[in-house]
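**Q** This is the structure I want to talk about, given as C-alpha cells.
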Amino acid sequence: MEQVIHIAYFLTAFLFIIGLKRMSSPVTARSGIIWAGWAMLLAVVVTFFWPGLHNYSLMIIAVVVGSIIAWVAAKKVAMTDMPQMIAIYNGMGGGAAAAIAALELFRGTLPNIGLVILAIVGGLIGSIAFSGSVIAFGKLQGLIRDRPITFPLQKILNLIIFVAAVGCGGALLSAHIPWMLPLFFVASLLFGVMMTLPIGGGDMPVVISLYNALTGLAVGFEGFAMENAAMIIAGTVVGAAGTLLTLMMARAMNRSLKNILFGAFGKEEIGSERCAMGSLKPIELDDAAILLAYADKVVIVPGYGMAVAQAQHKVRELMDVLDKRGVTVKFAVHPVAGRMPGHMNVLLAEAGVPYEKLFDLEEINPEFPNTNVSLVIGANDVVNPAARTNTSSPIYGMPILDVDRSTNVLVIKRGKGKGFAGVENELFFDDNTRMLYGDAQDIANKLVQSLKKL
Amino acid sequence: MTEGLMSALYILLLAAFTGYEVICKVPVILHTPLMSGSNFVHGIVVVGAMVALGHAQTPLEQTIGFIGVLLGAINAAGGYAVTERMLEMFEKKKAPRGAEKQS
C-alpha cells in the first residue's frame, strides 16, 4: 500500500507542475487548474490509506467542513473581492503548516536534528504567513484601516519580536522546556501581525504574493519533517515561483520589496505635497456624450473605482455603442489597475470585453498623443503625471498611462478625494480635463443613454 | 538518514528551479490567477496535516491536528474555487474573439 501512496504522490507533484505550467499561458490556463485539482483530490484520497493512522472521523469532518466553508465562500464572493480571498486562503495554508510543525515538535519524535530545524523554520514561516495574511485580508476587506499603521520605535519593536521568535525556536533545539513551544508560536504569530500593520493597502498585492511564497516554503519544510515528497515538491515549487512572482509584481509597480516591507508607503504625508494649481472643471453628461460620439479614437482607462461600482458591464455597453458609431475604442490596462496585476483584465473579461481591445502600458502609451478622448473611470494614481515629474511624490517613478497627452480627458470620479496612494492628481486640474462626478455605473449608464439619442 | 536528507535536498533544489522556470515568462494579466493557482497548490499541506492528525494521541494533539486539517482543507478547496472562477473568464473570451473575426 505504501508503494501505491508514494506513486500517487509522485503523480500529484508531476500534475501540479504541469498544471502551473499550463496556468502560465492564457490559452491553457483553465485546463491547468483542473489538472492540479484532480491531482489534489488524488493525493487526499490516497492519504486515507496511509498505514497506521487513527482519528479517521476527525479527519473526515475537518476535510469536509473546511472544504464546504471555503467552497461556498469562494463561489459567493464578488470578483472585486478576489484579492482578499486569496490572502485568507493562503493564510489558512500557512496555519496548517504551523499546526503540523506544532504537532511534530510537541511529540518530539523527529528522528534527527536536521528535521527538527526544518520543522522549526517551517513553523516560524508558516505562522508569519498565517497572521500576516489574516491582517492583509482585514485591510483589504476594510475591517482594519488600510492606511499604514505606524508608531515610534516600531521597527525596533518588530526586530525584538523577530529575534524573540528565532530565539525561542533555537531554544527548542537544545532543551525541552514545555512553555517554550507556545511562546515560539505566539512570537511568530505576533511578528506576522506587526510586520503587516505598517503596510498600506496599495502594496497589499505584493505582500500577499510574498506570504504566498512563504506558505509554499513552510509547506516544503514541513514536507521534509513529514518525509512527504509531494509536499516538498509542491511547496518548494510554489516558494520559488511565488518569490519570482512577488518580484515581478513589485517591479510592475516600480516599488522595491524592501521599500514595501519597511517603507510605510501611502502614509498621509505632512506638508511635502505640492499644491495642484487651477480648478476642477465639471462637464454636463450630454456634452461628454457628444465629445465621445464624434471622436475617432477613445481610450478607456479603467481603475479600481470602476470595479467597486461594478460598472464594467455598463462600460462594455458604452464600448458597444461607440463601436457601432465607428469610434475606435481601446482599453488601457495598467499593470496594477484594480488591486492586483491582472485583476482588471479578469473583471473586463467577465463583462465580455474582447481580449484584443485590452492593451497594456507599453502598447498603449505611444497612442495617447493621437487619441481624441481618454475616458478615465475610477482610476487615479495610475494616470497621475506626478509620477513622471514630481520627484517628491511618493509615486514618483511608477510607470503611468500618459492620459494627459491625449487631446481631451474625461474623468469619471466618485468624489473629490485622493487616490489609493493619498496623492493629489494634477491631471484632474489640467485645462483639457473635464470631470464627471458620480457613481461610475450610473454615469456610464447615462452616457450610453445619451449616446443612443444622438 | 543522511542519505534521505541529501536526496530530499536534491529534490528541493530541482523543485526550486522548476518553480522559477514555470513562472519566468508569464504575462502580467496572469499574475493574479497564477498567484491564486500557486496558492491552491500549496494546499497540499492538507495531506501532511492528515497524516499528523492520524498519528495524534492525546486530546491536545488531536485538537491541533484537527485545526491543521481544517485549515489545509480551506486552503485547498478555497484556492481551487477562486482560481477556477478567475480562469473561467479566460475561457469565455474565446467566443467573442471568434465571433469578431467572422464579422
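As shown in the C-alpha cells, the chain order sets the letters A, B, ...; within each chain, residues go from 1, and ligands are also counted from 1 in the order they appear.
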Chain B residues within 6 Å of chain A, counting only C-alpha atoms: which ones, as number ranges by chain?
**A** B: 15-16, 19-20, 22-23, 26, 28-32, 38-39, 42-43, 45, 47, 49, 54-55, 68-75, 77-78, 81-82, 87, 89
**Q** Could you give me, as a JSON list (two decimals) with all heavy atoms, in the first residue's frame, the residues within 6 Å of segment 51-53 of chain B, counting only C-alpha atoms and dropping anything in the same chain fewer than 3 positions from it?
**A**
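Final output, around_12.json:
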```
[["chain", "number", "residue", "atom", "x", "y", "z"],
["B", 48, "GLY", "N", -0.30, 16.45, 4.58],
["B", 48, "GLY", "CA", 0.60, 16.33, 5.73],
["B", 48, "GLY", "C", -0.15, 16.45, 7.04],
["B", 48, "GLY", "O", 0.09, 15.71, 7.99],
["B", 56, "ALA", "N", -1.99, 11.48, 15.92],
["B", 56, "ALA", "CA", -2.22, 12.19, 17.18],
["B", 56, "ALA", "C", -2.84, 11.26, 18.22],
["B", 56, "ALA", "O", -3.66, 10.40, 17.89],
["B", 56, "ALA", "CB", -3.13, 13.39, 16.94],
["B", 65, "GLY", "N", -4.12, 18.85, 15.46],
["B", 65, "GLY", "CA", -4.19, 18.15, 14.18],
["B", 65, "GLY", "C", -5.47, 18.49, 13.43],
["B", 65, "GLY", "O", -5.45, 18.74, 12.22]]
```
**Q** Write out as a PDB file with all heavy atoms, in the first residue's frame the residues lying within 6 Å of segment 389-401 of chain A, counting only C-alpha atoms and excluding same-chain residues fewer than 4 positions away.
**A**
```
ATOM      1  N   ASN A 254       6.840  49.436  -9.818  1.00  0.00           N
ATOM      2  CA  ASN A 254       8.035  50.230  -9.615  1.00  0.00           C
ATOM      3  C   ASN A 254       8.330  50.440  -8.124  1.00  0.00           C
ATOM      4  O   ASN A 254       8.639  51.542  -7.686  1.00  0.00           O
ATOM      5  CB  ASN A 254       7.931  51.578 -10.327  1.00  0.00           C
ATOM      6  CG  ASN A 254       9.269  52.257 -10.433  1.00  0.00           C
ATOM      7  OD1 ASN A 254      10.283  51.592 -10.660  1.00  0.00           O
ATOM      8  ND2 ASN A 254       9.303  53.556 -10.226  1.00  0.00           N
ATOM      9  N   VAL A 382      -2.688  55.689 -11.255  1.00  0.00           N
ATOM     10  CA  VAL A 382      -2.043  55.144 -12.457  1.00  0.00           C
ATOM     11  C   VAL A 382      -2.052  56.122 -13.622  1.00  0.00           C
ATOM     12  O   VAL A 382      -1.448  55.866 -14.654  1.00  0.00           O
ATOM     13  CB  VAL A 382      -2.684  53.810 -12.902  1.00  0.00           C
ATOM     14  CG1 VAL A 382      -2.521  52.760 -11.823  1.00  0.00           C
ATOM     15  CG2 VAL A 382      -4.141  53.980 -13.286  1.00  0.00           C
ATOM     16  N   VAL A 383      -2.769  57.267 -13.481  1.00  0.00           N
ATOM     17  CA  VAL A 383      -2.740  58.280 -14.536  1.00  0.00           C
ATOM     18  C   VAL A 383      -2.198  59.601 -14.007  1.00  0.00           C
ATOM     19  O   VAL A 383      -2.376  60.639 -14.612  1.00  0.00           O
ATOM     20  CB  VAL A 383      -4.149  58.509 -15.145  1.00  0.00           C
ATOM     21  CG1 VAL A 383      -4.619  57.271 -15.886  1.00  0.00           C
ATOM     22  CG2 VAL A 383      -5.158  58.900 -14.078  1.00  0.00           C
TER      23      VAL A 383
END
```
**Q** State, in Å with one decimal place, the distance from atom CA of Asp439 of chain A to atom CA of Glu88 of chain B.
**A** 27.9 Å
**Q** Return as a ChimeraX atom specification the full set of residues in segment 171-310 of chain A whose backbone-based DSSP assignment is helix (DSSP H, G or I).
**A** /A:171-174,180-196,201-226,229-252,257-262,285-293,304-308
**Q** Take the selection from the previous step and output its residues with C-alpha atoms, as an mmCIF file, in the first residue's frame.
**A**
```cif
data_model
loop_
_atom_site.group_PDB
_atom_site.id
_atom_site.type_symbol
_atom_site.label_atom_id
_atom_site.label_comp_id
_atom_site.auth_asym_id
_atom_site.auth_seq_id
_atom_site.Cartn_x
_atom_site.Cartn_y
_atom_site.Cartn_z
ATOM 1 C CA ALA A 171 15.910 27.075 22.404
ATOM 2 C CA LEU A 172 13.563 24.333 21.190
ATOM 3 C CA LEU A 173 16.566 22.673 19.612
ATOM 4 C CA SER A 174 18.669 22.319 22.703
ATOM 5 C CA MET A 180 8.942 27.356 25.031
ATOM 6 C CA LEU A 181 6.848 25.870 22.216
ATOM 7 C CA PRO A 182 3.727 28.012 22.767
ATOM 8 C CA LEU A 183 5.941 31.057 23.279
ATOM 9 C CA PHE A 184 7.655 30.348 19.959
ATOM 10 C CA PHE A 185 4.355 30.301 18.102
ATOM 11 C CA VAL A 186 2.983 33.360 19.899
ATOM 12 C CA ALA A 187 6.091 35.358 18.994
ATOM 13 C CA SER A 188 5.979 34.156 15.376
ATOM 14 C CA LEU A 189 2.295 34.993 15.008
ATOM 15 C CA LEU A 190 2.798 38.382 16.615
ATOM 16 C CA PHE A 191 5.618 39.145 14.225
ATOM 17 C CA GLY A 192 3.348 38.405 11.236
ATOM 18 C CA VAL A 193 0.798 40.897 12.572
ATOM 19 C CA MET A 194 3.342 43.599 13.357
ATOM 20 C CA MET A 195 5.077 43.181 10.015
ATOM 21 C CA THR A 196 1.852 43.687 8.051
ATOM 22 C CA GLY A 201 -3.460 48.777 1.090
ATOM 23 C CA GLY A 202 -1.867 49.699 -2.226
ATOM 24 C CA ASP A 203 1.067 47.411 -1.620
ATOM 25 C CA MET A 204 -1.050 44.543 -0.337
ATOM 26 C CA PRO A 205 -0.989 42.514 -3.577
ATOM 27 C CA VAL A 206 2.786 42.248 -3.427
ATOM 28 C CA VAL A 207 2.658 41.370 0.253
ATOM 29 C CA ILE A 208 0.019 38.698 -0.308
ATOM 30 C CA SER A 209 2.189 37.263 -3.051
ATOM 31 C CA LEU A 210 5.126 37.250 -0.644
ATOM 32 C CA TYR A 211 3.105 35.423 2.018
ATOM 33 C CA ASN A 212 2.018 33.001 -0.668
ATOM 34 C CA ALA A 213 5.661 32.215 -1.371
ATOM 35 C CA LEU A 214 6.339 31.924 2.375
ATOM 36 C CA THR A 215 3.490 29.485 2.856
ATOM 37 C CA GLY A 216 4.897 27.455 -0.020
ATOM 38 C CA LEU A 217 8.283 27.330 1.705
ATOM 39 C CA ALA A 218 6.710 26.421 5.043
ATOM 40 C CA VAL A 219 4.816 23.584 3.382
ATOM 41 C CA GLY A 220 8.032 22.424 1.736
ATOM 42 C CA PHE A 221 9.910 22.421 5.064
ATOM 43 C CA GLU A 222 7.130 20.562 6.837
ATOM 44 C CA GLY A 223 7.227 18.154 3.916
ATOM 45 C CA PHE A 224 10.801 17.324 4.926
ATOM 46 C CA ALA A 225 9.754 16.767 8.528
ATOM 47 C CA MET A 226 6.913 14.503 7.420
ATOM 48 C CA ALA A 229 7.715 14.158 -1.306
ATOM 49 C CA ALA A 230 4.517 15.712 -2.679
ATOM 50 C CA MET A 231 4.642 18.413 -0.019
ATOM 51 C CA ILE A 232 8.354 19.041 -0.560
ATOM 52 C CA ILE A 233 7.984 19.437 -4.307
ATOM 53 C CA ALA A 234 4.711 21.370 -4.349
ATOM 54 C CA GLY A 235 5.820 23.623 -1.509
ATOM 55 C CA THR A 236 9.214 24.391 -2.993
ATOM 56 C CA VAL A 237 7.842 24.993 -6.474
ATOM 57 C CA VAL A 238 5.360 27.469 -5.010
ATOM 58 C CA GLY A 239 8.054 29.019 -2.840
ATOM 59 C CA ALA A 240 10.302 29.673 -5.838
ATOM 60 C CA ALA A 241 7.510 30.627 -8.222
ATOM 61 C CA GLY A 242 5.893 32.840 -5.601
ATOM 62 C CA THR A 243 9.140 34.656 -4.854
ATOM 63 C CA LEU A 244 9.655 35.374 -8.531
ATOM 64 C CA LEU A 245 6.036 36.461 -8.918
ATOM 65 C CA THR A 246 6.428 38.794 -5.948
ATOM 66 C CA LEU A 247 9.467 40.434 -7.504
ATOM 67 C CA MET A 248 7.708 40.743 -10.871
ATOM 68 C CA MET A 249 4.701 42.395 -9.239
ATOM 69 C CA ALA A 250 6.881 44.782 -7.289
ATOM 70 C CA ARG A 251 8.675 45.686 -10.500
ATOM 71 C CA ALA A 252 5.371 46.291 -12.306
ATOM 72 C CA LEU A 257 10.362 44.845 -1.911
ATOM 73 C CA LYS A 258 12.438 46.484 0.794
ATOM 74 C CA ASN A 259 10.505 49.692 0.323
ATOM 75 C CA ILE A 260 7.184 47.908 0.554
ATOM 76 C CA LEU A 261 8.049 45.993 3.686
ATOM 77 C CA PHE A 262 9.805 48.755 5.566
ATOM 78 C CA LEU A 285 -23.300 64.435 -19.342
ATOM 79 C CA ASP A 286 -24.701 65.298 -22.762
ATOM 80 C CA ASP A 287 -21.620 67.302 -23.644
ATOM 81 C CA ALA A 288 -19.451 64.398 -22.601
ATOM 82 C CA ALA A 289 -21.515 62.054 -24.758
ATOM 83 C CA ILE A 290 -21.106 64.347 -27.778
ATOM 84 C CA LEU A 291 -17.374 64.518 -27.178
ATOM 85 C CA LEU A 292 -17.215 60.723 -27.216
ATOM 86 C CA ALA A 293 -19.587 60.282 -30.162
ATOM 87 C CA TYR A 304 -10.408 50.268 -9.093
ATOM 88 C CA GLY A 305 -13.277 52.768 -8.850
ATOM 89 C CA MET A 306 -14.917 51.121 -11.831
ATOM 90 C CA ALA A 307 -14.587 47.735 -10.227
ATOM 91 C CA VAL A 308 -16.055 48.915 -6.931
#
```
**Q** For atom CA of Arg145 of chain A and atom CA of Asp81 of chain A, quote the distance in Å rounded to one decimal.
**A**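 Atom-to-atom, atom CA of Arg145 of chain A to atom CA of Asp81 of chain A, that is 16.4 Å.
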**Q** Quick one: pull the distance between atom CA of Leu436 of chain A and atom CA of Val327 of chain A, Å, one decimal.
**A**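 That distance, rounded to one decimal, is 20.7 Å.
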**Q** Can you pull out the residues contacting Thr83 of chain B? Cut-off 7 Å, using only C-alpha atoms, and skip same-chain residues under 2 positions away; I want them as a PyMOL selection string.
**A** chain B and resi 33+36-37+79-81+85-87
**Q** Where does DSSP see strand (DSSP E or B) in segment 363-441 of chain A, if you list the residues as a ChimeraX atom specification?
**A** /A:373-377,408-413,433-437
**Q** Please produce a file of those selected residues containing N, CA and C atoms, as a short mmCIF file (atom, residue, chain, number, x, y, z; two decimals), in the first residue's frame.
**A**
```
data_model
loop_
_atom_site.label_atom_id
_atom_site.label_comp_id
_atom_site.auth_asym_id
_atom_site.auth_seq_id
_atom_site.Cartn_x
_atom_site.Cartn_y
_atom_site.Cartn_z
N VAL A 373 -10.17 61.29 -27.17
CA VAL A 373 -10.69 61.35 -25.81
C VAL A 373 -10.17 60.16 -24.99
N SER A 374 -9.61 60.46 -23.83
CA SER A 374 -9.30 59.41 -22.87
C SER A 374 -10.38 59.45 -21.80
N LEU A 375 -10.99 58.31 -21.55
CA LEU A 375 -12.05 58.25 -20.55
C LEU A 375 -11.51 57.51 -19.34
N VAL A 376 -11.24 58.24 -18.28
CA VAL A 376 -10.67 57.64 -17.08
C VAL A 376 -11.82 57.29 -16.13
N ILE A 377 -11.98 56.02 -15.84
CA ILE A 377 -13.10 55.61 -15.00
C ILE A 377 -12.59 55.07 -13.67
N ASN A 408 -8.36 65.28 -25.28
CA ASN A 408 -9.31 65.55 -24.20
C ASN A 408 -9.27 64.43 -23.18
N VAL A 409 -9.52 64.78 -21.95
CA VAL A 409 -9.59 63.76 -20.91
C VAL A 409 -10.92 63.90 -20.19
N LEU A 410 -11.65 62.83 -20.10
CA LEU A 410 -12.86 62.80 -19.29
C LEU A 410 -12.59 61.92 -18.08
N VAL A 411 -12.91 62.42 -16.90
CA VAL A 411 -12.65 61.62 -15.70
C VAL A 411 -13.96 61.36 -14.97
N ILE A 412 -14.30 60.10 -14.83
CA ILE A 412 -15.47 59.75 -14.01
C ILE A 412 -14.95 59.43 -12.62
N LYS A 413 -15.47 60.16 -11.64
CA LYS A 413 -14.90 60.04 -10.31
C LYS A 413 -16.03 60.16 -9.30
N THR A 433 -8.91 68.65 -19.19
CA THR A 433 -9.58 67.61 -18.41
C THR A 433 -10.96 68.08 -17.97
N ARG A 434 -11.95 67.23 -18.11
CA ARG A 434 -13.29 67.54 -17.62
C ARG A 434 -13.73 66.44 -16.66
N MET A 435 -14.42 66.84 -15.60
CA MET A 435 -14.80 65.87 -14.58
C MET A 435 -16.27 65.50 -14.65
N LEU A 436 -16.56 64.23 -14.47
CA LEU A 436 -17.94 63.76 -14.33
C LEU A 436 -18.05 63.13 -12.95
N TYR A 437 -18.74 63.79 -12.05
CA TYR A 437 -18.81 63.24 -10.69
C TYR A 437 -19.99 62.30 -10.55
#
```
